[in-house]
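**Student:** Handing over my_file.txt, compact mmCIF, C-alpha atoms.
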# COMPACT_ATOMS: atom_id res chain seq x y z
CA MET A 1 -24.45 71.01 13.81
CA PRO A 2 -21.89 68.20 13.74
CA GLY A 3 -19.09 68.26 11.23
CA SER A 4 -15.82 66.41 10.75
CA ASP A 5 -14.33 68.01 13.86
CA ASP A 6 -17.15 66.57 15.96
CA LEU A 7 -16.18 62.95 15.22
CA VAL A 8 -14.12 62.68 18.38
CA ALA A 9 -13.13 59.26 19.71
CA GLY A 10 -14.80 58.64 23.06
CA ALA A 11 -17.43 61.34 22.57
CA PRO A 12 -21.15 60.51 22.47
CA ALA A 13 -22.13 59.69 18.89
CA TRP A 14 -25.68 58.39 19.33
CA VAL A 15 -28.46 57.78 21.83
CA ASP A 16 -31.37 55.41 21.62
CA LEU A 17 -34.32 54.29 23.68
CA THR A 18 -35.08 50.71 24.64
CA THR A 19 -38.79 50.52 25.38
CA THR A 20 -41.62 48.11 26.07
CA ASP A 21 -44.02 50.21 23.98
CA LEU A 22 -42.47 51.46 20.75
CA ASP A 23 -45.70 52.89 19.35
CA GLY A 24 -46.34 54.75 22.58
CA ALA A 25 -42.75 56.05 22.69
CA ILE A 26 -43.03 57.38 19.15
CA ASP A 27 -46.24 59.20 20.04
CA PHE A 28 -44.73 60.60 23.23
CA TYR A 29 -41.40 61.91 21.94
CA THR A 30 -42.77 63.33 18.72
CA SER A 31 -45.30 65.25 20.82
CA VAL A 32 -42.78 66.51 23.37
CA PHE A 33 -39.86 67.45 21.10
CA GLY A 34 -41.49 67.93 17.71
CA TRP A 35 -39.56 65.01 16.22
CA THR A 36 -40.69 62.88 13.31
CA ALA A 37 -40.14 59.13 13.25
CA ASP A 38 -38.64 56.98 10.49
CA ARG A 39 -39.47 53.37 11.30
CA SER A 40 -37.41 50.65 9.63
CA GLU A 41 -39.28 48.08 7.57
CA VAL A 42 -36.34 45.68 7.65
CA GLU A 43 -37.51 42.67 9.69
CA ARG A 44 -34.14 42.00 11.34
CA TYR A 45 -34.20 45.48 12.93
CA GLY A 46 -37.56 44.86 14.62
CA GLY A 47 -39.07 48.21 13.68
CA TYR A 48 -36.08 50.23 14.91
CA THR A 49 -37.04 53.86 14.64
CA THR A 50 -34.86 56.88 13.91
CA PHE A 51 -36.04 60.16 15.40
CA LEU A 52 -35.60 63.18 13.15
CA LEU A 53 -35.60 66.90 13.86
CA ASP A 54 -36.30 68.86 10.68
CA GLY A 55 -35.08 65.84 8.74
CA LYS A 56 -31.86 65.47 10.77
CA ARG A 57 -31.13 62.38 12.88
CA VAL A 58 -31.16 63.00 16.65
CA GLY A 59 -31.56 59.49 18.11
CA GLY A 60 -33.38 56.21 17.87
CA ALA A 61 -35.75 53.81 19.60
CA GLY A 62 -36.27 50.07 19.57
CA SER A 63 -38.37 47.47 21.34
CA ARG A 64 -36.95 45.64 24.34
CA THR A 65 -36.20 42.02 23.58
CA ASP A 66 -37.76 39.23 25.61
CA ASP A 67 -34.40 38.26 27.13
CA ASP A 68 -33.56 41.80 28.29
CA PRO A 69 -34.41 42.19 32.01
CA ALA A 70 -33.63 45.91 32.15
CA PRO A 71 -36.44 48.44 32.51
CA PRO A 72 -36.94 50.92 29.63
CA HIS A 73 -33.98 53.27 29.34
CA TRP A 74 -31.92 55.57 27.11
CA THR A 75 -28.45 54.34 26.08
CA VAL A 76 -25.46 56.51 25.24
CA TYR A 77 -23.09 55.28 22.49
CA LEU A 78 -19.50 56.53 22.50
CA LEU A 79 -17.61 56.85 19.24
CA THR A 80 -14.78 54.47 18.42
CA TRP A 81 -12.79 53.96 15.26
CA ASN A 82 -12.32 50.26 16.01
CA ALA A 83 -15.14 48.48 17.83
CA ALA A 84 -13.22 45.20 18.13
CA ALA A 85 -10.27 46.92 19.82
CA THR A 86 -12.66 48.82 22.10
CA SER A 87 -14.22 45.53 23.17
CA GLU A 88 -10.78 44.28 24.19
CA ARG A 89 -10.02 47.45 26.15
CA ILE A 90 -13.40 47.26 27.90
CA ALA A 91 -12.55 43.78 29.17
CA GLU A 92 -9.04 44.90 30.19
CA ALA A 93 -10.58 47.81 32.14
CA GLY A 94 -12.89 45.57 34.15
CA GLY A 95 -16.01 45.94 32.06
CA THR A 96 -18.20 43.26 30.50
CA VAL A 97 -18.89 43.08 26.78
CA LEU A 98 -22.52 42.02 26.39
CA PHE A 99 -22.07 40.78 22.81
CA GLU A 100 -19.48 40.97 20.10
CA PRO A 101 -19.82 44.13 17.98
CA ILE A 102 -22.56 43.84 15.37
CA ASP A 103 -22.06 45.04 11.81
CA ILE A 104 -25.11 46.99 10.64
CA PRO A 105 -24.85 47.10 6.84
CA ASP A 106 -24.31 50.55 5.34
CA MET A 107 -24.48 52.12 8.81
CA GLY A 108 -21.61 51.09 11.10
CA VAL A 109 -20.67 48.71 13.89
CA MET A 110 -22.46 48.68 17.25
CA GLY A 111 -21.35 47.32 20.60
CA LEU A 112 -22.85 47.26 24.08
CA ALA A 113 -21.12 46.74 27.42
CA ILE A 114 -21.35 47.17 31.18
CA ASP A 115 -18.62 49.44 32.49
CA ALA A 116 -16.50 48.70 35.56
CA THR A 117 -19.10 50.31 37.85
CA GLY A 118 -22.15 48.50 36.45
CA ALA A 119 -23.52 51.15 34.07
CA VAL A 120 -24.58 50.16 30.55
CA VAL A 121 -22.70 51.99 27.79
CA GLY A 122 -22.78 51.55 24.03
CA TYR A 123 -20.09 52.18 21.44
CA TRP A 124 -20.38 53.00 17.76
CA GLN A 125 -17.90 52.64 14.90
CA PRO A 126 -19.09 54.97 12.13
CA GLY A 127 -19.87 53.73 8.66
CA GLY A 128 -22.58 55.24 6.50
CA LEU A 129 -24.04 56.70 9.70
CA PRO A 130 -21.41 58.82 11.47
CA GLY A 131 -23.79 59.45 14.37
CA PHE A 132 -25.95 62.44 15.23
CA ASP A 133 -26.80 64.81 12.41
CA VAL A 134 -27.51 67.43 15.04
CA TYR A 135 -26.94 67.90 18.77
CA ASP A 136 -26.46 70.79 21.20
CA GLU A 137 -29.40 72.49 19.52
CA THR A 138 -33.00 72.87 20.59
CA GLY A 139 -34.76 69.51 20.30
CA SER A 140 -31.58 67.42 20.27
CA ALA A 141 -29.35 65.68 22.80
CA THR A 142 -27.07 68.10 24.63
CA ARG A 143 -25.85 66.59 27.93
CA PHE A 144 -24.42 63.15 28.67
CA GLU A 145 -23.62 62.35 32.29
CA LEU A 146 -22.68 59.17 34.10
CA ALA A 147 -23.99 59.02 37.66
CA ALA A 148 -21.24 56.79 39.04
CA SER A 149 -21.39 54.72 42.20
CA ASP A 150 -17.57 54.43 42.17
CA PHE A 151 -16.10 57.64 40.78
CA ASP A 152 -12.48 56.49 40.73
CA ALA A 153 -13.33 53.19 39.03
CA ALA A 154 -15.42 55.02 36.42
CA GLU A 155 -12.61 57.44 35.68
CA ARG A 156 -10.09 54.60 35.27
CA PHE A 157 -12.47 52.63 33.06
CA TYR A 158 -13.23 55.40 30.57
CA ALA A 159 -9.59 56.49 30.47
CA HIS A 160 -8.56 53.00 29.38
CA ALA A 161 -11.55 51.83 27.33
CA PHE A 162 -12.26 55.10 25.50
CA HIS A 163 -9.04 57.11 25.99
CA TRP A 164 -10.69 59.83 28.06
CA ASP A 165 -8.37 62.47 29.48
CA VAL A 166 -10.59 64.26 31.98
CA GLU A 167 -10.51 67.52 33.89
CA HIS A 168 -11.88 67.74 37.43
CA GLY A 169 -14.45 70.26 38.59
CA ASP A 170 -14.30 72.38 41.71
CA GLY A 171 -16.83 72.45 44.55
CA GLY A 172 -19.93 70.37 45.23
CA PRO A 173 -19.99 66.67 44.33
CA ARG A 174 -16.85 65.43 42.59
CA TYR A 175 -17.15 65.37 38.83
CA ALA A 176 -14.89 64.89 35.84
CA VAL A 177 -15.32 66.38 32.38
CA TYR A 178 -14.28 64.84 29.07
CA ARG A 179 -13.28 67.63 26.71
CA HIS A 180 -11.69 67.90 23.30
CA ALA A 181 -10.49 71.12 21.67
CA GLY A 182 -12.15 73.13 24.43
CA ARG A 183 -15.55 71.53 24.00
CA THR A 184 -17.27 69.50 26.72
CA PHE A 185 -18.64 66.16 25.54
CA ALA A 186 -19.51 64.18 28.67
CA ARG A 187 -19.25 64.10 32.46
CA ILE A 188 -18.80 61.65 35.29
CA LEU A 189 -20.53 62.59 38.53
CA ASP A 190 -19.63 61.05 41.89
CA ALA A 191 -23.12 59.87 42.86
CA ALA A 192 -22.17 57.28 45.48
CA GLU A 193 -24.12 58.98 48.26
CA LEU A 194 -27.13 59.69 46.05
CA LEU A 195 -27.32 56.17 44.63
CA GLY A 196 -26.55 54.33 47.85
CA ALA A 197 -25.92 50.61 47.99
CA GLU A 198 -29.00 49.36 46.14
CA LEU A 199 -29.29 51.67 43.12
CA PRO A 200 -27.24 51.10 39.96
CA PRO A 201 -25.07 53.70 38.26
CA THR A 202 -26.51 54.99 35.01
CA TRP A 203 -25.91 57.25 32.04
CA ASN A 204 -28.37 60.16 31.83
CA VAL A 205 -29.23 61.91 28.57
CA GLY A 206 -30.31 65.55 28.48
CA PHE A 207 -32.24 67.09 25.59
CA GLN A 208 -32.07 70.81 24.91
CA VAL A 209 -35.31 72.80 25.04
CA ASP A 210 -36.07 76.51 24.89
CA ASP A 211 -38.48 76.44 27.84
CA VAL A 212 -38.10 73.79 30.54
CA GLU A 213 -41.48 74.41 32.19
CA ALA A 214 -43.37 74.35 28.89
CA THR A 215 -41.65 71.10 27.90
CA VAL A 216 -42.48 69.54 31.27
CA ALA A 217 -46.12 70.50 30.77
CA ARG A 218 -46.18 68.90 27.30
CA ALA A 219 -44.51 65.75 28.59
CA VAL A 220 -46.93 65.35 31.50
CA ALA A 221 -49.90 65.97 29.19
CA ALA A 222 -48.53 63.24 26.87
CA GLY A 223 -48.37 60.70 29.72
CA GLY A 224 -44.92 61.35 31.16
CA THR A 225 -44.06 61.85 34.82
CA LEU A 226 -42.11 64.68 36.42
CA VAL A 227 -39.47 62.99 38.58
CA VAL A 228 -37.10 65.86 39.43
CA PRO A 229 -38.80 69.30 39.42
CA PRO A 230 -37.02 72.08 37.52
CA TRP A 231 -33.83 73.27 39.20
CA ASP A 232 -31.30 75.97 38.37
CA VAL A 233 -27.63 75.49 37.53
CA PRO A 234 -25.14 78.26 36.70
CA ASP A 235 -25.69 77.88 32.97
CA GLY A 236 -29.42 77.24 32.78
CA ARG A 237 -32.29 75.16 34.04
CA ARG A 238 -32.99 71.40 34.16
CA ALA A 239 -35.81 68.98 34.91
CA GLY A 240 -35.95 65.17 35.13
CA LEU A 241 -38.81 63.15 33.62
CA THR A 242 -39.83 59.63 32.72
CA ASP A 243 -41.72 58.72 29.59
CA PRO A 244 -44.92 56.61 29.86
CA SER A 245 -42.90 53.37 29.92
CA GLY A 246 -40.61 54.60 32.72
CA ALA A 247 -37.47 55.61 30.78
CA TYR A 248 -35.73 58.55 32.45
CA PHE A 249 -34.41 61.62 30.61
CA VAL A 250 -33.47 65.22 31.37
CA VAL A 251 -34.56 68.41 29.64
CA ALA A 252 -32.13 71.32 29.72
CA SER A 253 -32.25 74.95 28.67
CA PRO A 254 -29.57 76.14 26.22
CA THR A 255 -26.13 76.70 27.73
CA SER A 256 -23.08 78.72 26.83
CA GLY A 257 -21.04 75.51 26.61
CA THR A 258 -18.55 76.84 29.16
CA SER A 259 -20.07 75.79 32.48
CA ASP A 260 -19.20 72.46 34.03
CA ALA A 261 -21.58 72.55 36.95
CA ALA A 262 -22.48 69.02 37.94
CA SER A 263 -26.19 68.26 37.72
CA ALA A 264 -26.48 66.33 40.97
CA PRO A 265 -30.30 66.20 41.06
CA ALA A 266 -30.26 64.11 37.89
CA ALA A 267 -28.42 61.38 39.76
CA THR A 268 -31.50 60.82 41.88
CA SER A 269 -33.31 59.48 38.84
CA ALA A 270 -32.51 55.87 39.67
CA ALA A 271 -34.21 56.31 43.02
CA SER A 272 -37.23 58.16 41.68
CA ALA A 273 -37.90 56.64 38.28
CA PRO A 274 -40.42 53.79 38.40
CA GLU A 275 -39.45 50.44 36.97
CA SER A 276 -41.95 49.41 34.35
CA ASP A 277 -42.64 46.27 32.42
CA GLY A 278 -45.01 48.13 30.17
What is this file in structure tokens?

**Tutor:**
Amino acid sequence: MPGSDDLVAGAPAWVDLTTTDLDGAIDFYTSVFGWTADRSEVERYGGYTTFLLDGKRVGGAGSRTDDDPAPPHWTVYLLTWNAAATSERIAEAGGTVLFEPIDIPDMGVMGLAIDATGAVVGYWQPGGLPGFDVYDETGSATRFELAASDFDAAERFYAHAFHWDVEHGDGGPRYAVYRHAGRTFARILDAAELLGAELPPTWNVGFQVDDVEATVARAVAAGGTLVVPPWDVPDGRRAGLTDPSGAYFVVASPTSGTSDAASAPAATSAASAPESDG
């Protein structure tokens, strides 16, 4: 589970779901992953819910606001030690800051932006909440991959805005890996051909499960949709799904942590996942 060495600048620190049906999302994800839900009673947070695995924080969910045109989706938040400085670097790198970083009392500082390729990305300055209590374990987030429409622009953006120093993979679609101390934290996949001209780039979140097929069956029974049937990669097995509101996510079998095989089928999610207004 995360410790002090896991608080790495630029690494994913949190994920949350923006949904048109918060009650339905809570029912769905608790059924699929065995999570429990801690729903905030503070009015200003609009019922924001923290998902827990055996009492440990694994992610969150909140209702889509009326002025948000985006379909339901999962957002990845990258860790920063200075959200204000990150906002400046995002603008310098060709991104768009959607709002000035928000101080969440006793928790931290949150920001949201559009990167230089058009993908939404969040950033988190730790306070009382460092980020995940657990990840890379069964039932928690384990893979974070940007399906980029412009690979070179994405690489330049994250290098400047979040200080990524990436390594490039060999064979298949181009991909870059953000590592620290030998550990892989996130990937950029060259998805230009898969996304085409009309589909936006997007961050995909993968959750670790012991049995991909069994998880798919639970998700479909709970109202989800299988978008990308299970496929094999050198270090395990994957499948792509949408929840009942249309938010896309990946389920992944445990990995050794050493393989950097790009998960190209996941990049097709933008083409396959239905847009939903609830």

**Student:** Mind pulling up the distance from CA of Gly34 in chain A to CA of Pro244 in chain A?

**Tutor:**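 Taking CA of Pro244 in chain A and CA of Gly34 in chain A, their separation equals 17.0 Å.
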
**Student:** Could you check the closest approach to Gly60 in chain A for each of A:Gly131, A:Pro200, A:Gly24, A:Gly224 and tell me which residue wins, using only C-alpha atoms?

**Tutor:**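 Between A:Gly131, A:Pro200, A:Gly24, A:Gly224, the residue approaching Gly60 in chain A most closely is A:Gly131.
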
**Student:** Do you have the CA of Val251 in chain A-CA of Trp14 in chain A distance handy?

**Tutor:**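 So the answer is 16.9 Å.
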
**Student:** For Trp203 in chain A, list every protein, DNA or RNA residue within 8 Å, evaluated using only C-alpha atoms, and leave out those in the same chain fewer than 2 positions away; present the list as a list in words.

**Tutor:**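 Neighbouring residues, sequence-local ones excluded: Trp74, Thr75, Val76, Ala119, Val120, Val121, Phe144, Glu145, Leu146, Ala147, Pro201 and Val205 of chain A.
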
**Student:** Looking at all atoms listed in the file, which of A:Val212, A:Ala181, A:Leu22, A:Met110 is the one that sits closest to Thr65 in chain A?

**Tutor:**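 Checking each candidate against Thr65 in chain A, we get A:Leu22 as the closest.
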